[in-house]
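Enquirer: So I've got this file, model12.pdb, and it contains PDB, C-alpha atoms and all ligand atoms:
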ATOM      1  CA  MET A   1      63.726 -40.644 -67.989
ATOM      2  CA  SER A   2      60.080 -40.597 -66.867
ATOM      3  CA  GLU A   3      57.577 -39.127 -69.311
ATOM      4  CA  VAL A   4      55.216 -37.755 -66.677
ATOM      5  CA  SER A   5      53.970 -34.172 -67.167
ATOM      6  CA  PRO A   6      55.329 -31.437 -64.935
ATOM      7  CA  VAL A   7      53.154 -30.328 -62.051
ATOM      8  CA  TYR A   8      55.023 -27.038 -61.694
ATOM      9  CA  HIS A   9      54.667 -24.138 -64.093
ATOM     10  CA  ARG A  10      57.659 -21.984 -63.121
ATOM     11  CA  VAL A  11      60.708 -23.332 -61.325
ATOM     12  CA  LEU A  12      63.807 -21.664 -59.968
ATOM     13  CA  LEU A  13      66.828 -23.946 -59.885
ATOM     14  CA  LYS A  14      69.817 -23.079 -57.709
ATOM     15  CA  LEU A  15      72.967 -24.611 -59.156
ATOM     16  CA  SER A  16      76.110 -24.288 -57.107
ATOM     17  CA  GLY A  17      79.408 -23.657 -58.852
ATOM     18  CA  GLU A  18      80.401 -27.214 -57.836
ATOM     19  CA  ALA A  19      77.811 -28.601 -60.281
ATOM     20  CA  LEU A  20      79.957 -27.272 -63.144
ATOM     21  CA  MET A  21      83.204 -28.585 -61.751
ATOM     22  CA  GLY A  22      82.743 -32.346 -62.279
ATOM     23  CA  ASN A  23      85.615 -34.265 -60.750
ATOM     24  CA  THR A  24      88.083 -31.458 -61.231
ATOM     25  CA  ALA A  25      89.345 -29.471 -58.243
ATOM     26  CA  PHE A  26      88.628 -26.039 -59.669
ATOM     27  CA  GLY A  27      86.910 -24.184 -62.524
ATOM     28  CA  ILE A  28      84.570 -25.338 -65.274
ATOM     29  CA  ASP A  29      84.436 -28.875 -66.649
ATOM     30  CA  ALA A  30      82.910 -28.802 -70.140
ATOM     31  CA  ILE A  31      81.473 -32.331 -69.854
ATOM     32  CA  SER A  32      79.648 -31.440 -66.621
ATOM     33  CA  VAL A  33      78.281 -28.166 -68.028
ATOM     34  CA  ASN A  34      76.977 -29.952 -71.127
ATOM     35  CA  ARG A  35      75.447 -32.738 -69.021
ATOM     36  CA  VAL A  36      73.592 -30.209 -66.864
ATOM     37  CA  ALA A  37      72.440 -28.356 -70.006
ATOM     38  CA  GLN A  38      71.029 -31.615 -71.447
ATOM     39  CA  ALA A  39      69.096 -32.285 -68.219
ATOM     40  CA  LEU A  40      67.689 -28.741 -68.282
ATOM     41  CA  CYS A  41      66.803 -29.045 -71.970
ATOM     42  CA  HIS A  42      64.766 -32.156 -71.178
ATOM     43  CA  ILE A  43      62.576 -30.412 -68.598
ATOM     44  CA  ILE A  44      62.194 -27.222 -70.650
ATOM     45  CA  GLN A  45      60.868 -29.285 -73.529
ATOM     46  CA  LYS A  46      58.132 -30.426 -71.153
ATOM     47  CA  GLY A  47      56.948 -26.816 -70.908
ATOM     48  CA  VAL A  48      58.385 -25.728 -67.552
ATOM     49  CA  GLN A  49      59.458 -22.089 -67.318
ATOM     50  CA  LEU A  50      62.947 -22.268 -65.861
ATOM     51  CA  ALA A  51      65.114 -19.709 -64.103
ATOM     52  CA  LEU A  52      68.579 -20.507 -62.774
ATOM     53  CA  VAL A  53      70.619 -18.923 -60.050
ATOM     54  CA  ILE A  54      74.184 -19.975 -60.457
ATOM     55  CA  GLY A  55      76.892 -19.987 -57.787
ATOM     56  CA  GLY A  56      80.588 -19.317 -58.092
ATOM     57  CA  GLY A  57      82.228 -21.586 -55.536
ATOM     58  CA  ASN A  58      84.096 -23.523 -58.273
ATOM     59  CA  ILE A  59      86.066 -20.346 -59.028
ATOM     60  CA  PHE A  60      86.023 -18.018 -56.010
ATOM     61  CA  ARG A  61      84.355 -17.928 -52.643
ATOM     62  CA  GLY A  62      84.435 -14.759 -50.591
ATOM     63  CA  VAL A  63      85.167 -16.683 -47.408
ATOM     64  CA  SER A  64      88.283 -18.420 -48.750
ATOM     65  CA  LEU A  65      89.576 -15.251 -50.419
ATOM     66  CA  LYS A  66      89.276 -13.389 -47.134
ATOM     67  CA  ALA A  67      91.843 -15.822 -45.734
ATOM     68  CA  THR A  68      94.325 -14.564 -48.367
ATOM     69  CA  GLY A  69      94.087 -11.062 -46.905
ATOM     70  CA  ILE A  70      91.740  -9.603 -49.517
ATOM     71  CA  GLU A  71      89.177  -7.542 -47.640
ATOM     72  CA  LYS A  72      85.676  -9.031 -47.358
ATOM     73  CA  VAL A  73      83.795  -6.656 -49.653
ATOM     74  CA  SER A  74      86.277  -7.049 -52.545
ATOM     75  CA  ALA A  75      86.399 -10.820 -51.969
ATOM     76  CA  ASP A  76      82.612 -10.983 -52.194
ATOM     77  CA  TYR A  77      82.577  -8.944 -55.409
ATOM     78  CA  MET A  78      85.142 -11.375 -56.830
ATOM     79  CA  GLY A  79      82.814 -14.222 -55.836
ATOM     80  CA  MET A  80      79.918 -12.492 -57.587
ATOM     81  CA  LEU A  81      82.017 -12.042 -60.742
ATOM     82  CA  ALA A  82      82.780 -15.777 -60.648
ATOM     83  CA  THR A  83      79.044 -16.457 -60.938
ATOM     84  CA  VAL A  84      78.995 -14.343 -64.118
ATOM     85  CA  ILE A  85      81.653 -16.575 -65.690
ATOM     86  CA  ASN A  86      79.601 -19.666 -64.811
ATOM     87  CA  GLY A  87      76.428 -18.084 -66.150
ATOM     88  CA  LEU A  88      78.035 -17.370 -69.511
ATOM     89  CA  ALA A  89      79.274 -20.978 -69.708
ATOM     90  CA  MET A  90      75.780 -22.279 -68.953
ATOM     91  CA  GLN A  91      74.165 -19.922 -71.477
ATOM     92  CA  SER A  92      76.509 -21.176 -74.166
ATOM     93  CA  ALA A  93      75.869 -24.840 -73.302
ATOM     94  CA  LEU A  94      72.088 -24.330 -73.296
ATOM     95  CA  GLN A  95      72.182 -22.566 -76.637
ATOM     96  CA  LYS A  96      74.068 -25.532 -78.107
ATOM     97  CA  THR A  97      71.111 -27.736 -77.147
ATOM     98  CA  GLY A  98      68.793 -25.324 -79.030
ATOM     99  CA  ILE A  99      67.387 -23.689 -75.871
ATOM    100  CA  GLU A 100      67.314 -19.895 -75.759
ATOM    101  CA  ALA A 101      68.870 -18.489 -72.609
ATOM    102  CA  ARG A 102      69.585 -15.017 -71.245
ATOM    103  CA  VAL A 103      72.111 -14.121 -68.574
ATOM    104  CA  MET A 104      70.835 -11.340 -66.293
ATOM    105  CA  SER A 105      73.243  -9.764 -63.836
ATOM    106  CA  ALA A 106      72.481  -8.045 -60.548
ATOM    107  CA  ILE A 107      75.572  -5.890 -61.194
ATOM    108  CA  HIS A 108      75.616  -3.822 -64.390
ATOM    109  CA  ILE A 109      78.047  -5.377 -66.906
ATOM    110  CA  ASP A 110      76.299  -4.246 -70.070
ATOM    111  CA  ALA A 111      78.968  -5.428 -72.495
ATOM    112  CA  ILE A 112      78.494  -9.111 -71.709
ATOM    113  CA  CYS A 113      74.987  -9.683 -70.361
ATOM    114  CA  GLU A 114      71.677  -8.041 -69.583
ATOM    115  CA  ASN A 115      71.071  -6.106 -66.397
ATOM    116  CA  TYR A 116      68.498  -7.721 -64.147
ATOM    117  CA  THR A 117      65.079  -6.158 -64.197
ATOM    118  CA  HIS A 118      62.016  -7.898 -62.854
ATOM    119  CA  ARG A 119      59.859  -7.046 -65.848
ATOM    120  CA  GLU A 120      62.380  -8.257 -68.461
ATOM    121  CA  ALA A 121      63.063 -11.469 -66.558
ATOM    122  CA  ILE A 122      59.361 -12.329 -66.455
ATOM    123  CA  SER A 123      59.056 -11.482 -70.136
ATOM    124  CA  HIS A 124      61.922 -13.872 -71.008
ATOM    125  CA  LEU A 125      60.339 -16.669 -68.971
ATOM    126  CA  GLU A 126      57.003 -16.170 -70.693
ATOM    127  CA  LYS A 127      58.818 -16.495 -74.026
ATOM    128  CA  LYS A 128      60.200 -19.852 -72.817
ATOM    129  CA  ARG A 129      63.735 -18.525 -72.497
ATOM    130  CA  VAL A 130      65.836 -19.795 -69.615
ATOM    131  CA  VAL A 131      66.880 -16.881 -67.448
ATOM    132  CA  ILE A 132      70.257 -17.295 -65.752
ATOM    133  CA  PHE A 133      70.570 -14.938 -62.802
ATOM    134  CA  VAL A 134      74.159 -14.076 -61.978
ATOM    135  CA  ALA A 135      76.095 -11.825 -59.581
ATOM    136  CA  GLY A 136      73.935 -13.086 -56.714
ATOM    137  CA  THR A 137      71.958 -10.334 -55.053
ATOM    138  CA  GLY A 138      74.544  -7.751 -56.197
ATOM    139  CA  ASN A 139      75.508  -7.169 -52.561
ATOM    140  CA  PRO A 140      78.417  -8.426 -50.494
ATOM    141  CA  PHE A 141      77.627 -10.373 -47.294
ATOM    142  CA  PHE A 142      75.021 -12.509 -49.100
ATOM    143  CA  THR A 143      75.178 -15.916 -50.782
ATOM    144  CA  THR A 144      73.798 -17.226 -54.024
ATOM    145  CA  ASP A 145      71.359 -19.313 -51.940
ATOM    146  CA  SER A 146      69.842 -16.062 -50.670
ATOM    147  CA  ALA A 147      69.863 -14.738 -54.248
ATOM    148  CA  ALA A 148      67.995 -17.900 -55.314
ATOM    149  CA  SER A 149      65.326 -17.440 -52.628
ATOM    150  CA  LEU A 150      64.957 -13.780 -53.576
ATOM    151  CA  ARG A 151      64.623 -14.441 -57.304
ATOM    152  CA  ALA A 152      62.241 -17.362 -56.679
ATOM    153  CA  ILE A 153      59.958 -14.960 -54.811
ATOM    154  CA  GLU A 154      60.327 -12.194 -57.394
ATOM    155  CA  MET A 155      59.624 -14.590 -60.278
ATOM    156  CA  ASP A 156      56.623 -16.015 -58.413
ATOM    157  CA  ALA A 157      58.099 -19.494 -58.885
ATOM    158  CA  ASP A 158      55.956 -22.342 -57.609
ATOM    159  CA  LEU A 159      59.006 -24.424 -56.696
ATOM    160  CA  MET A 160      62.630 -23.768 -55.887
ATOM    161  CA  ILE A 161      65.070 -26.624 -56.402
ATOM    162  CA  LYS A 162      68.489 -26.764 -54.847
ATOM    163  CA  ALA A 163      70.694 -29.162 -56.796
ATOM    164  CA  THR A 164      73.544 -30.534 -54.721
ATOM    165  CA  LYS A 165      75.902 -33.522 -54.654
ATOM    166  CA  VAL A 166      73.776 -35.473 -52.154
ATOM    167  CA  ASP A 167      70.332 -37.062 -52.419
ATOM    168  CA  GLY A 168      68.581 -34.668 -50.059
ATOM    169  CA  VAL A 169      68.803 -33.471 -46.481
ATOM    170  CA  TYR A 170      70.280 -35.857 -43.916
ATOM    171  CA  ALA A 171      70.268 -35.771 -40.113
ATOM    172  CA  ILE A 172      74.053 -36.055 -40.269
ATOM    173  CA  ASP A 173      76.488 -36.002 -43.177
ATOM    174  CA  PRO A 174      76.119 -39.372 -45.000
ATOM    175  CA  LYS A 175      79.847 -39.257 -45.751
ATOM    176  CA  ILE A 176      80.442 -39.452 -41.975
ATOM    177  CA  ASP A 177      77.677 -41.994 -41.291
ATOM    178  CA  PRO A 178      76.519 -44.032 -44.331
ATOM    179  CA  LYS A 179      73.431 -45.100 -42.312
ATOM    180  CA  ALA A 180      72.389 -41.467 -41.722
ATOM    181  CA  HIS A 181      68.653 -40.812 -41.997
ATOM    182  CA  ARG A 182      67.457 -38.872 -45.061
ATOM    183  CA  PHE A 183      64.416 -36.679 -44.488
ATOM    184  CA  SER A 184      61.703 -36.999 -47.106
ATOM    185  CA  ARG A 185      59.878 -33.861 -45.868
ATOM    186  CA  LEU A 186      60.774 -31.100 -43.428
ATOM    187  CA  SER A 187      59.284 -27.746 -42.515
ATOM    188  CA  TYR A 188      61.474 -24.654 -42.738
ATOM    189  CA  ASN A 189      61.126 -24.271 -38.969
ATOM    190  CA  GLU A 190      62.493 -27.801 -38.464
ATOM    191  CA  VAL A 191      65.447 -26.921 -40.722
ATOM    192  CA  ILE A 192      66.199 -23.931 -38.484
ATOM    193  CA  GLN A 193      65.580 -25.757 -35.183
ATOM    194  CA  LYS A 194      67.660 -28.798 -36.138
ATOM    195  CA  LYS A 195      70.385 -26.509 -37.553
ATOM    196  CA  LEU A 196      70.421 -28.521 -40.802
ATOM    197  CA  GLY A 197      72.877 -27.013 -43.254
ATOM    198  CA  VAL A 198      70.474 -26.792 -46.180
ATOM    199  CA  MET A 199      71.036 -23.110 -46.962
ATOM    200  CA  ASP A 200      72.031 -20.066 -44.900
ATOM    201  CA  THR A 201      69.356 -18.787 -42.533
ATOM    202  CA  THR A 202      68.574 -15.687 -44.644
ATOM    203  CA  ALA A 203      67.752 -17.903 -47.605
ATOM    204  CA  VAL A 204      65.657 -20.289 -45.486
ATOM    205  CA  ILE A 205      63.623 -17.506 -43.892
ATOM    206  CA  LEU A 206      62.967 -15.783 -47.223
ATOM    207  CA  CYS A 207      61.489 -19.022 -48.596
ATOM    208  CA  ARG A 208      59.592 -19.784 -45.399
ATOM    209  CA  ASP A 209      57.953 -16.371 -45.086
ATOM    210  CA  ASN A 210      57.024 -16.233 -48.756
ATOM    211  CA  LYS A 211      55.771 -19.825 -48.849
ATOM    212  CA  ILE A 212      58.084 -21.054 -51.618
ATOM    213  CA  PRO A 213      58.567 -24.831 -51.335
ATOM    214  CA  LEU A 214      62.118 -26.082 -51.790
ATOM    215  CA  ARG A 215      63.212 -29.468 -53.056
ATOM    216  CA  VAL A 216      66.802 -30.537 -52.425
ATOM    217  CA  ILE A 217      67.984 -33.051 -55.019
ATOM    218  CA  ASN A 218      71.144 -34.692 -56.290
ATOM    219  CA  MET A 219      72.125 -33.176 -59.625
ATOM    220  CA  ASN A 220      74.298 -36.206 -60.420
ATOM    221  CA  LYS A 221      71.284 -38.548 -60.320
ATOM    222  CA  VAL A 222      70.067 -38.923 -63.885
ATOM    223  CA  ASP A 223      66.312 -38.429 -63.455
ATOM    224  CA  ALA A 224      66.243 -36.410 -60.191
ATOM    225  CA  LEU A 225      65.347 -33.095 -61.829
ATOM    226  CA  ASP A 226      62.714 -34.682 -64.006
ATOM    227  CA  ARG A 227      61.147 -36.420 -61.001
ATOM    228  CA  ALA A 228      61.248 -33.205 -58.936
ATOM    229  CA  ILE A 229      59.339 -31.164 -61.526
ATOM    230  CA  SER A 230      56.886 -34.048 -61.939
ATOM    231  CA  GLY A 231      56.034 -33.846 -58.214
ATOM    232  CA  PHE A 232      57.578 -37.188 -57.219
ATOM    233  CA  ASP A 233      59.022 -37.848 -53.776
ATOM    234  CA  GLU A 234      62.603 -37.075 -54.818
ATOM    235  CA  GLY A 235      65.265 -35.896 -52.380
ATOM    236  CA  THR A 236      63.817 -33.751 -49.597
ATOM    237  CA  LEU A 237      60.850 -31.385 -49.766
ATOM    238  CA  ILE A 238      60.963 -28.377 -47.428
ATOM    239  CA  TYR A 239      57.717 -26.502 -46.907
ATOM    240  CA  SER A 240      56.223 -23.560 -44.995
ATOM    241  CA  GLU A 241      53.853 -24.474 -42.189
ATOM    242  CA  GLU A 242      50.518 -22.671 -42.544
TER     243      GLU A 242
HETATM  244  N1  LIG B 301      78.335 -13.490 -53.154
HETATM  245  C1  LIG B 301      78.031 -12.265 -52.589
HETATM  246  N2  LIG B 301      76.728 -11.818 -52.639
HETATM  247  C2  LIG B 301      75.726 -12.531 -53.204
HETATM  248  C3  LIG B 301      76.049 -13.797 -53.758
HETATM  249  C4  LIG B 301      77.354 -14.252 -53.732
HETATM  250  O1  LIG B 301      78.884 -11.596 -52.049
HETATM  251  O2  LIG B 301      74.569 -12.056 -53.234
HETATM  252  C5  LIG B 301      79.759 -13.929 -53.190
HETATM  253  C6  LIG B 301      80.233 -14.612 -51.918
HETATM  254  O3  LIG B 301      81.585 -14.263 -51.709
HETATM  255  C7  LIG B 301      80.141 -16.080 -52.281
HETATM  256  C8  LIG B 301      80.528 -16.077 -53.753
HETATM  257  O4  LIG B 301      79.929 -14.880 -54.249
HETATM  258  O5  LIG B 301      81.037 -16.858 -51.531
HETATM  259  C9  LIG B 301      80.051 -17.263 -54.557
HETATM  260  O6  LIG B 301      78.730 -17.604 -54.207
HETATM  261  P1  LIG B 301      78.372 -18.953 -53.397
HETATM  262  O7  LIG B 301      79.442 -19.224 -52.378
HETATM  263  O8  LIG B 301      76.989 -18.798 -52.907
HETATM  264  O9  LIG B 301      78.461 -20.001 -54.575
HETATM  265  P2  LIG B 301      78.146 -21.564 -54.551
HETATM  266  O10 LIG B 301      78.608 -22.112 -53.222
HETATM  267  O11 LIG B 301      76.675 -21.724 -54.698
HETATM  268  O12 LIG B 301      78.893 -22.105 -55.737
END
Could you quickly redo this structure as structure tokens?
Expert:
Amino acid sequence: MSEVSPVYHRVLLKLSGEALMGNTAFGIDAISVNRVAQALCHIIQKGVQLALVIGGGNIFRGVSLKATGIEKVSADYMGMLATVINGLAMQSALQKTGIEARVMSAIHIDAICENYTHREAISHLEKKRVVIFVAGTGNPFFTTDSAASLRAIEMDADLMIKATKVDGVYAIDPKIDPKAHRFSRLSYNEVIQKKLGVMDTTAVILCRDNKIPLRVINMNKVDALDRAISGFDEGTLIYSEE
């Protein structure tokens, strides 16, 4: 791990449900959750204020449930509830590393986590607690990528990071073409024009219009997160044109 100081003060990290799945086909893999928690612990100890938006694709995705005949709105609520399960797992893993964490839900579920309020979330961050935002935006027809963009703006984050299974944004899927070109930098407008599947368009436009830079990194690469918060050329940086 590099021992360079962070150049970002407050970071919002979008973790997809897949990041908690490891090599399993479904659900939560304890080893993967603990590995992610250790990586987060390392950057928090460097003084970065960290907020997470966690996905639910390892448990339920609205789109795939719709195929089973469950109507879209219910399927999306089930997807949002899946993110709550992941958030609780991540909170527990972080606490085991000695890091204080708070799960805040966009849907009121008072018995198991806090309800999201802007003021309380900022207060937790200032107290160096990791805030784990769950239940997406609280609305069907959105994704957790859009929730991540929204919370990054609300938290006044100076960087959003999207942790994926690949090293950044490629012109074509590197699994299809191993020689595919990886972009080091891209503007949000290029992402839209080239139809690059970084995030859904709502999420991209929210970041673009509110000038939140986004770095896409590989969560399975040991020092990727550390390098991203230290301002190194890791993965792909996506920026708003002035
Ligand atoms: N979802 C939703 N509204 C939101 C966020 C999520 O309806 O604001 C639902 C949607 O069905 C989605 C599921 O929750 O498929 C899980 O989120 P996502 O697919 O973004 O998770 P990820 O792919 O990041 O694991």
Enquirer: Could you list, as a count of residues only, all protein and nucleic acid residues with an atom at most 7 Å from ligand LIG 301 (chain B), counting all atoms listed in the file?
Expert: 34
Enquirer: CA of Gly22 in chain A to CA of Thr164 in chain A: how many Å, to one decimal?
Expert: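 These two atoms are separated by 12.0 Å.
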Enquirer: Once the PyMOL selection byres (((chain A and resi 27-32) around 10) and not hetatm) has been applied to the shown file, what residues remain in the selection, as a list in words?
Expert: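 This file, filtered by the PyMOL selection byres (((chain A and resi 27-32) around 10) and not hetatm), leaves Gly17, Glu18, Ala19, Leu20, Met21, Gly22, Asn23, Thr24, Ala25, Phe26, Val33, Asn34, Arg35, Val36, Ala37, Gln38, Gly56, Gly57, Asn58, Ile59, Phe60, Ala82, Ile85, Asn86, Ala89, Met90, Ala93 and Asn220 of chain A.
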Enquirer: Name the residues within 7 Å of (72.8, -16.9, -64.0), counting only C-alpha atoms in the file's coordinates, and put them as a ChimeraX atom specification.
Expert: /A:52-54,83-84,87,103-104,131-134
Enquirer: Using all atoms listed in the file, pick whichever of A:Arg102, A:Arg151, A:Arg182, A:His9 has the shortest atom-to-atom distance to Leu206 in chain A.
Expert: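 Among the listed residues, A:Arg151 lies closest to Leu206 in chain A.
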Enquirer: Between A:Lys194, A:Ile70, A:Ser92, A:Ala106, single out the one closest to Leu150 in chain A, counting all atoms listed in the file.
Expert: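 Checking each of A:Lys194, A:Ile70, A:Ser92, A:Ala106 against Leu150 in chain A, counting all atoms listed in the file, the winner is A:Ala106.
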Enquirer: Take CA of Glu114 in chain A and CA of Leu50 in chain A and report the distance between them in Å, one decimal.
Expert: 17.1 Å
Enquirer: Please report the interatomic distance between CA of Ile229 in chain A and CA of Leu159 in chain A in Å with one decimal.
Expert: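 Between CA of Ile229 in chain A and CA of Leu159 in chain A the gap is 8.3 Å.
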Enquirer: Assuming the chain letters and numbering stay as they are in my file, what does the PyMOL selection byres (((chain A and resi 216) around 10) and not hetatm) actually select? List them as a list of chain:residue names.
Expert: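 Expected selection for the PyMOL selection byres (((chain A and resi 216) around 10) and not hetatm) here is A:Leu13, A:Lys14, A:Met160, A:Ile161, A:Lys162, A:Ala163, A:Thr164, A:Lys165, A:Val166, A:Asp167, A:Gly168, A:Val169, A:Ser184, A:Val198, A:Leu214, A:Arg215, A:Ile217, A:Asn218, A:Met219, A:Ala224, A:Leu225, A:Ala228, A:Glu234, A:Gly235, A:Thr236, A:Leu237, A:Ile238.
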Enquirer: What does the file look like for those residues with C-alpha atoms, as a PDB file, in the frame of the given file?
Expert:
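Below you can see out_4.pdb, which holds the result:
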ATOM      1  CA  LEU A  13      66.828 -23.946 -59.885  1.00  0.00           C
ATOM      2  CA  LYS A  14      69.817 -23.079 -57.709  1.00  0.00           C
ATOM      3  CA  MET A 160      62.630 -23.768 -55.887  1.00  0.00           C
ATOM      4  CA  ILE A 161      65.070 -26.624 -56.402  1.00  0.00           C
ATOM      5  CA  LYS A 162      68.489 -26.764 -54.847  1.00  0.00           C
ATOM      6  CA  ALA A 163      70.694 -29.162 -56.796  1.00  0.00           C
ATOM      7  CA  THR A 164      73.544 -30.534 -54.721  1.00  0.00           C
ATOM      8  CA  LYS A 165      75.902 -33.522 -54.654  1.00  0.00           C
ATOM      9  CA  VAL A 166      73.776 -35.473 -52.154  1.00  0.00           C
ATOM     10  CA  ASP A 167      70.332 -37.062 -52.419  1.00  0.00           C
ATOM     11  CA  GLY A 168      68.581 -34.668 -50.059  1.00  0.00           C
ATOM     12  CA  VAL A 169      68.803 -33.471 -46.481  1.00  0.00           C
ATOM     13  CA  SER A 184      61.703 -36.999 -47.106  1.00  0.00           C
ATOM     14  CA  VAL A 198      70.474 -26.792 -46.180  1.00  0.00           C
ATOM     15  CA  LEU A 214      62.118 -26.082 -51.790  1.00  0.00           C
ATOM     16  CA  ARG A 215      63.212 -29.468 -53.056  1.00  0.00           C
ATOM     17  CA  ILE A 217      67.984 -33.051 -55.019  1.00  0.00           C
ATOM     18  CA  ASN A 218      71.144 -34.692 -56.290  1.00  0.00           C
ATOM     19  CA  MET A 219      72.125 -33.176 -59.625  1.00  0.00           C
ATOM     20  CA  ALA A 224      66.243 -36.410 -60.191  1.00  0.00           C
ATOM     21  CA  LEU A 225      65.347 -33.095 -61.829  1.00  0.00           C
ATOM     22  CA  ALA A 228      61.248 -33.205 -58.936  1.00  0.00           C
ATOM     23  CA  GLU A 234      62.603 -37.075 -54.818  1.00  0.00           C
ATOM     24  CA  GLY A 235      65.265 -35.896 -52.380  1.00  0.00           C
ATOM     25  CA  THR A 236      63.817 -33.751 -49.597  1.00  0.00           C
ATOM     26  CA  LEU A 237      60.850 -31.385 -49.766  1.00  0.00           C
ATOM     27  CA  ILE A 238      60.963 -28.377 -47.428  1.00  0.00           C
TER      28      ILE A 238
END
Enquirer: Expand the PyMOL selection byres (((chain A and resi 187) around 6) and not hetatm) into the individual residues it matches in the shown file, reporting them as a ChimeraX atom specification.
Expert: /A:186,188-190,238-240
Enquirer: Could you check the closest approach to Leu125 in chain A for each of A:Tyr170, A:Pro6, A:Gln49, A:Val73 and tell me which residue wins, using all atoms listed in the file?
Expert: A:Gln49
Enquirer: Which one is closest to Ala51 in chain A: A:Leu196, A:Val130, A:Ala148, A:Ile107? Count all atoms listed in the file.
Expert: A:Val130
Enquirer: Nearest to Glu100 in chain A among A:Cys113, A:Cys41, A:Ala67, A:Ile122, with distances taken over only C-alpha atoms: which residue is it?
Expert: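 Result for the nearest residue to Glu100 in chain A: A:Cys41.
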Enquirer: Within 9 Å of (65.4, -7.5, -61.5), all atoms listed in the file: residues as a PyMOL selection string?
Expert: chain A and resi 104-106+115-121+151+154
Enquirer: Store the residues of this selection in a file with C-alpha atoms, as a PDB file, in the coordinates of the input.
Expert:
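Contents of out_17.pdb, freshly written:
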ATOM      1  CA  MET A 104      70.835 -11.340 -66.293  1.00  0.00           C
ATOM      2  CA  SER A 105      73.243  -9.764 -63.836  1.00  0.00           C
ATOM      3  CA  ALA A 106      72.481  -8.045 -60.548  1.00  0.00           C
ATOM      4  CA  ASN A 115      71.071  -6.106 -66.397  1.00  0.00           C
ATOM      5  CA  TYR A 116      68.498  -7.721 -64.147  1.00  0.00           C
ATOM      6  CA  THR A 117      65.079  -6.158 -64.197  1.00  0.00           C
ATOM      7  CA  HIS A 118      62.016  -7.898 -62.854  1.00  0.00           C
ATOM      8  CA  ARG A 119      59.859  -7.046 -65.848  1.00  0.00           C
ATOM      9  CA  GLU A 120      62.380  -8.257 -68.461  1.00  0.00           C
ATOM     10  CA  ALA A 121      63.063 -11.469 -66.558  1.00  0.00           C
ATOM     11  CA  ARG A 151      64.623 -14.441 -57.304  1.00  0.00           C
ATOM     12  CA  GLU A 154      60.327 -12.194 -57.394  1.00  0.00           C
TER      13      GLU A 154
END
Enquirer: Taking all atoms of range 192-196 of chain A that the file lists, what box with edges along x, y and z, padded by 6 Å per side, do you get, with centre and edge lengths in Å to one decimal, as AutoDock Vina command-line options?
Expert:
--center_x 68.0 --center_y -26.4 --center_z -38.0 --size_x 16.8 --size_y 16.9 --size_z 17.6
